[in-house]
Structure formats: C-alpha cells, structure tokens
Amino acid sequence: MAEHDMSDKEKQYFFNTPQQSLPFFLKGSNSYDWGMKNRLARIFNPDSGKTVMLAFDHGYFQGPTTGLERVDITINPLVPYADALMCTRGILRSVIDPSVQNSVVMRASGGPSILKDLSNEQIAVNVEDALRMNVSAMAVQVFVGGACETQTINNMTRLIDKCNRYGMPVLGVTAVGTELTRDARYIGLAVRILAELGAAVIKTYFVPEFETVVASCPVPVVIAGGKKLPELDALRMARNAIDAGAAGVDMGRNIFQSDAPIAMIKAVRKVVHENMSAEHAFEFYQELKNS
Ligand code: 5RP
C-alpha cells in the first residue's frame, strides 16, 4: 500500500521533539483508562477544571418535587446552560431530547420512598443500560452512619467493579441522615471512605471548614445545593465551595426552584467557571431576571 502515499512533501518525524505526555487535568484521575478520562472530561470542563451539573433526580424517592412536576417544561429550558444532567433513566428516556450535547450523570441507586428508611437502597440501573444511554457517570448514594451503611457501601463498590470494566466513572453521593451532624468531621469521614473505596467523583454537602474535606479527598468533590436558599446565599455557598477547592456544583432546587431559573443557572456558571464573586453574580442574576 506504500505506493498509494504519492505526496511529494518530505516526511517529517520531528526527531528532536519528544512526544508530549500531558497529565490529565482532574485531581487523582491520571491513572484511569482513556474512556474513563474522556467521560470525566465531558462532565468537567477541561478549561476551568470544573462543572455545573443540574440535578433533577429528586423524584426517584420523593415523587413530583416542587419545580419538577413537569420536567419537560421546567428543566428543558435550562439544559443548554448545564455541563452535565443528573437524572434518572426514566426521565432521561421520556423527556430529555436525545440530541442534547450535555453529559449525563445517571442516578443509579434507589428503592425506598420518603415513606420508608431512605438508606435501604439498592442498585437501580445496570451498567449496560447506562452505556446504551451514553451516560458519562453513574451516581450511587452511600449512607455512612445510616441504618444500611454496609449495604449502601456494597452497592457502590459492586457498581464500581462493574463500571471499571467499561471505563464508566462512579459518582459517590454522601447522604446525610437526619440523625447525623453535618460538619466537616462527619462529611470528611464520609467523603474519604467513598474515595478510598473507588468513587471517581464525590458529591457532598458544603459545610464550614470545607477545605479540610477537599484536601483530604484524593478525587474531585462537587457540592449538592441542598434546600432552597435566597439566591445570593446560594451563590455565596457556591463561591465558598469553589474557594475551598470544590470542582463544581451539582445543584438542583436552588436553580429550578429559583424565581428565575435560567438567570440563576447562568449566575452559578459565572461563579464556577469564571471565578466571579457571589455579589457580582447576584447582580448579574438580577439584571437577567429583570430584563
Ligand atoms: C438527592 C440528590 C440530588 O441530586 C441532590 O440533592 C442535588 O439536588 P439539590 O441541589 O436540590 O440538593 O442527590 O439525593
């Protein structure tokens, strides 16, 4: 076949230029396989190293959550402004346009409703179905200190074993039971356990001294938004989390329950990707809201 290369141009081998071997941009993620890195790079923006995930998976245990009664109407307009969509397979298949360019982080554990012990979860999606939906990560809730602690850790580790066969990252979500204190000591314990057991990304709640949680976690940490706050407070929480080393937010109610959800997600992006102060991002939010 060599005779088919008829170019007159002299071949260039750049003998004096060693091939570059660049480190992967995400903390603790350099030793993964190409597919795993590529999926992570679809969730985290390689330029900023951060992500704005839009979480709207709440229905998997609490039904038609306020703001999510009609995901087609309230969430689809926000999709262009999210890096990743965190949702269940039921909502993804029934409501989300398959031509969207976002990555998908799929809720992969579930079982009990708000009427039962929430920690009694099992794996709710298999890896093959997630691959069929071109998912970029699977999310599992772990209840450290909860009634079903070992079961939920086992859910995560078994899923990681299966996901590793396909280069699928697992996002470990630290659930906080009502009986557990939300402080850096507890959150730091839970986050570290999930990372030690193989989660590629951890999602947890922002707490004071969050920098100790991030520093002692060897992989990227993103924060959940939690219950609805005034917009300025939610933006301050995002700012403080990023300043403490968080790799982004996975925010739901503070976006889709906002008075102006599109303005709010755009303001969150300013904080996460453009290093804007919470106060300036709030001004930006108000300008968009009033325009
Ligand atoms: C539920 C979840 C949610 O996705 C998560 O809590 C993010 O949503 P919010 O910002 O509304 O807290 O993991 O367990």
# chains A, B, ... in the order shown; residues from 1 in each chain; ligands from 1
call {"tool": "select_by_dssp", "arguments": {"residues": "stretch 126-171 of chain A", "states": "strand (DSSP E)", "output": "list of chain:residue names"}}
result
A:Ala137, A:Met138, A:Ala139, A:Val140, A:Gln141, A:Val142, A:Val170, A:Leu171
call {"tool": "residues_around", "arguments": {"residues": "stretch 38-44 of chain A", "least_positions_apart": "2", "cutoff": "7 Å", "atoms": "only C-alpha atoms", "output": "ChimeraX atom specification"}}
result
/A:34-36,46,49-51,83-84,103,136
call {"tool": "write_last_selection", "arguments": {"atoms": "C-alpha atoms", "output": "PDB file, in the first residue's frame"}}
result
ATOM      1  CA  TRP A  34      -8.788   6.712  28.130  1.00  0.00           C
ATOM      2  CA  GLY A  35     -12.539   6.046  28.130  1.00  0.00           C
ATOM      3  CA  MET A  36     -12.912   6.912  31.804  1.00  0.00           C
ATOM      4  CA  PRO A  46     -11.146  20.887  30.729  1.00  0.00           C
ATOM      5  CA  GLY A  49     -11.470  22.046  35.521  1.00  0.00           C
ATOM      6  CA  LYS A  50     -14.965  22.479  36.955  1.00  0.00           C
ATOM      7  CA  THR A  51     -18.578  21.542  36.339  1.00  0.00           C
ATOM      8  CA  ASP A  83     -22.411  20.915  31.724  1.00  0.00           C
ATOM      9  CA  ALA A  84     -23.987  17.688  32.947  1.00  0.00           C
ATOM     10  CA  SER A 103     -23.092  14.704  29.507  1.00  0.00           C
ATOM     11  CA  SER A 136     -20.867   9.657  31.384  1.00  0.00           C
TER      12      SER A 136
END
call {"tool": "residues_near_ligand", "arguments": {"ligand": "ligand 1", "cutoff": "6 Å", "atoms": "only C-alpha atoms and all ligand atoms", "output": "list in words"}}
result
Ala55, Asp57, His58, Ala224, Gly225, Gly226, Lys227, Asp250, Met251, Gly252 and Arg253 of chain A
call {"tool": "write_last_selection", "arguments": {"atoms": "N, CA and C atoms", "output": "compact mmCIF listing (two decimals), in the first residue's frame"}}
result
# COMPACT_ATOMS: atom_id res chain seq x y z
N ALA A 55 -29.05 19.03 38.82
CA ALA A 55 -29.65 17.83 39.43
C ALA A 55 -31.17 17.93 39.41
N ASP A 57 -33.03 14.74 39.81
CA ASP A 57 -33.34 13.33 40.04
C ASP A 57 -34.20 13.11 41.28
N HIS A 58 -34.64 14.19 41.91
CA HIS A 58 -35.30 14.10 43.21
C HIS A 58 -36.54 13.20 43.22
N ALA A 224 -23.61 19.43 46.52
CA ALA A 224 -25.05 19.49 46.26
C ALA A 224 -25.53 20.86 46.70
N GLY A 225 -26.61 21.32 46.13
CA GLY A 225 -27.14 22.62 46.53
C GLY A 225 -27.87 22.58 47.85
N GLY A 226 -28.61 21.48 48.06
CA GLY A 226 -29.42 21.38 49.27
C GLY A 226 -30.70 22.18 49.13
N LYS A 227 -31.35 22.41 50.26
CA LYS A 227 -32.67 23.06 50.22
C LYS A 227 -32.57 24.48 49.67
N ASP A 250 -23.35 20.38 41.94
CA ASP A 250 -24.41 19.55 41.37
C ASP A 250 -25.69 20.08 42.00
N MET A 251 -26.27 21.09 41.40
CA MET A 251 -27.29 21.89 42.06
C MET A 251 -28.66 21.65 41.45
N GLY A 252 -29.64 21.50 42.31
CA GLY A 252 -30.99 21.27 41.83
C GLY A 252 -31.94 22.35 42.27
N ARG A 253 -32.46 22.23 43.52
CA ARG A 253 -33.54 23.12 43.98
C ARG A 253 -33.15 24.59 43.93
call {"tool": "residues_around", "arguments": {"residues": "A:Ser113", "least_positions_apart": "6", "cutoff": "8 Å", "atoms": "only C-alpha atoms", "output": "MDAnalysis selection string"}}
result
chainID A and resid 60:62
call {"tool": "atom_distance", "arguments": {"atom1": "atom CA of A:Leu78", "atom2": "atom CA of A:Ala260"}}
result
10.6 Å
call {"tool": "residues_around", "arguments": {"residues": "A:Leu26", "least_positions_apart": "3", "cutoff": "8 Å", "atoms": "only C-alpha atoms", "output": "PDB file with N, CA and C atoms, in the first residue's frame"}}
result
ATOM      1  N   SER A  29      -6.937  11.613  38.915  1.00  0.00           N
ATOM      2  CA  SER A  29      -7.579  10.855  37.838  1.00  0.00           C
ATOM      3  C   SER A  29      -6.609  10.437  36.729  1.00  0.00           C
ATOM      4  N   ASN A  30      -5.319  10.615  36.979  1.00  0.00           N
ATOM      5  CA  ASN A  30      -4.341  10.414  35.913  1.00  0.00           C
ATOM      6  C   ASN A  30      -4.151   8.959  35.503  1.00  0.00           C
ATOM      7  N   GLY A  49     -11.645  23.186  34.606  1.00  0.00           N
ATOM      8  CA  GLY A  49     -11.470  22.046  35.521  1.00  0.00           C
ATOM      9  C   GLY A  49     -12.704  21.831  36.403  1.00  0.00           C
ATOM     10  N   VAL A 219      -9.847  12.653  45.159  1.00  0.00           N
ATOM     11  CA  VAL A 219     -10.514  12.816  43.852  1.00  0.00           C
ATOM     12  C   VAL A 219     -11.413  14.057  43.905  1.00  0.00           C
ATOM     13  N   PRO A 220     -11.937  14.515  42.752  1.00  0.00           N
ATOM     14  CA  PRO A 220     -12.743  15.741  42.754  1.00  0.00           C
ATOM     15  C   PRO A 220     -13.995  15.635  43.628  1.00  0.00           C
TER      16      PRO A 220
END
call {"tool": "residues_around", "arguments": {"residues": "A:Phe282", "least_positions_apart": "2", "cutoff": "9 Å", "atoms": "only C-alpha atoms", "output": "mmCIF file with N, CA and C atoms, in the first residue's frame"}}
result
data_model
loop_
_atom_site.group_PDB
_atom_site.id
_atom_site.type_symbol
_atom_site.label_atom_id
_atom_site.label_comp_id
_atom_site.auth_asym_id
_atom_site.auth_seq_id
_atom_site.Cartn_x
_atom_site.Cartn_y
_atom_site.Cartn_z
ATOM 1 N N GLU A 231 -31.230 33.535 46.588
ATOM 2 C CA GLU A 231 -30.246 33.365 45.506
ATOM 3 C C GLU A 231 -28.840 33.810 45.911
ATOM 4 N N LEU A 232 -28.751 34.958 46.613
ATOM 5 C CA LEU A 232 -27.416 35.436 46.998
ATOM 6 C C LEU A 232 -26.723 34.422 47.921
ATOM 7 N N LEU A 235 -25.461 31.517 45.874
ATOM 8 C CA LEU A 235 -24.261 31.893 45.112
ATOM 9 C C LEU A 235 -23.052 32.000 46.048
ATOM 10 N N MET A 264 -30.535 32.152 37.182
ATOM 11 C CA MET A 264 -29.783 31.570 38.311
ATOM 12 C C MET A 264 -28.707 30.602 37.813
ATOM 13 N N ALA A 267 -25.893 32.547 36.478
ATOM 14 C CA ALA A 267 -25.105 33.177 37.548
ATOM 15 C C ALA A 267 -24.207 32.146 38.234
ATOM 16 N N SER A 277 -17.299 36.849 41.796
ATOM 17 C CA SER A 277 -17.709 36.886 43.208
ATOM 18 C C SER A 277 -19.212 36.625 43.284
ATOM 19 N N ALA A 278 -19.643 36.174 44.459
ATOM 20 C CA ALA A 278 -21.071 35.892 44.643
ATOM 21 C C ALA A 278 -21.892 37.169 44.456
ATOM 22 N N GLU A 279 -21.356 38.293 44.919
ATOM 23 C CA GLU A 279 -22.106 39.559 44.842
ATOM 24 C C GLU A 279 -22.270 39.996 43.378
ATOM 25 N N HIS A 280 -21.193 39.897 42.607
ATOM 26 C CA HIS A 280 -21.307 40.264 41.189
ATOM 27 C C HIS A 280 -22.227 39.295 40.444
ATOM 28 N N PHE A 284 -25.617 40.113 38.362
ATOM 29 C CA PHE A 284 -25.834 39.546 37.026
ATOM 30 C C PHE A 284 -27.187 38.821 36.992
ATOM 31 N N TYR A 285 -27.461 38.036 38.046
ATOM 32 C CA TYR A 285 -28.744 37.314 38.153
ATOM 33 C C TYR A 285 -29.914 38.293 38.117
ATOM 34 N N GLN A 286 -29.802 39.380 38.909
ATOM 35 C CA GLN A 286 -30.915 40.329 38.990
ATOM 36 C C GLN A 286 -31.140 41.050 37.653
ATOM 37 N N GLU A 287 -30.023 41.386 37.001
ATOM 38 C CA GLU A 287 -30.154 42.049 35.685
ATOM 39 C C GLU A 287 -30.904 41.136 34.708
#
call {"tool": "atom_distance", "arguments": {"atom1": "atom CA of A:Arg239", "atom2": "atom CA of A:Asn45"}}
result
17.3 Å
call {"tool": "residues_around", "arguments": {"residues": "A:Lys162", "least_positions_apart": "6", "cutoff": "12 Å", "atoms": "only C-alpha atoms", "output": "PyMOL selection string"}}
result
chain A and resi 123+125-128+130-131+138+155-156+168-170+198
call {"tool": "select_by_dssp", "arguments": {"residues": "stretch 54-244 of chain A", "states": "alpha helix (DSSP H)", "output": "PyMOL selection string"}}
result
chain A and resi 59-62+71-74+89-95+127-132+149-164+184-196+210-215+231-243
call {"tool": "atom_distance", "arguments": {"atom1": "atom CA of A:Phe206", "atom2": "atom CA of A:Leu229"}}
result
13.2 Å
call {"tool": "residues_around", "arguments": {"residues": "A:Arg107", "least_positions_apart": "4", "cutoff": "8 Å", "atoms": "only C-alpha atoms", "output": "list of chain:residue names"}}
result
A:Asp57, A:Met86, A:Cys87, A:Thr88, A:Arg89, A:Met138, A:Ala139, A:Val140
call {"tool": "closest_residue", "arguments": {"among": "A:Glu274, A:Asp47, A:Glu121, A:Asp259", "to": "A:Thr74", "atoms": "only C-alpha atoms"}}
result
A:Asp259
call {"tool": "closest_residue", "arguments": {"among": "A:Lys270, A:Lys37, A:Lys9, A:Arg185", "to": "A:Gly248", "atoms": "only C-alpha atoms"}}
result
A:Lys270
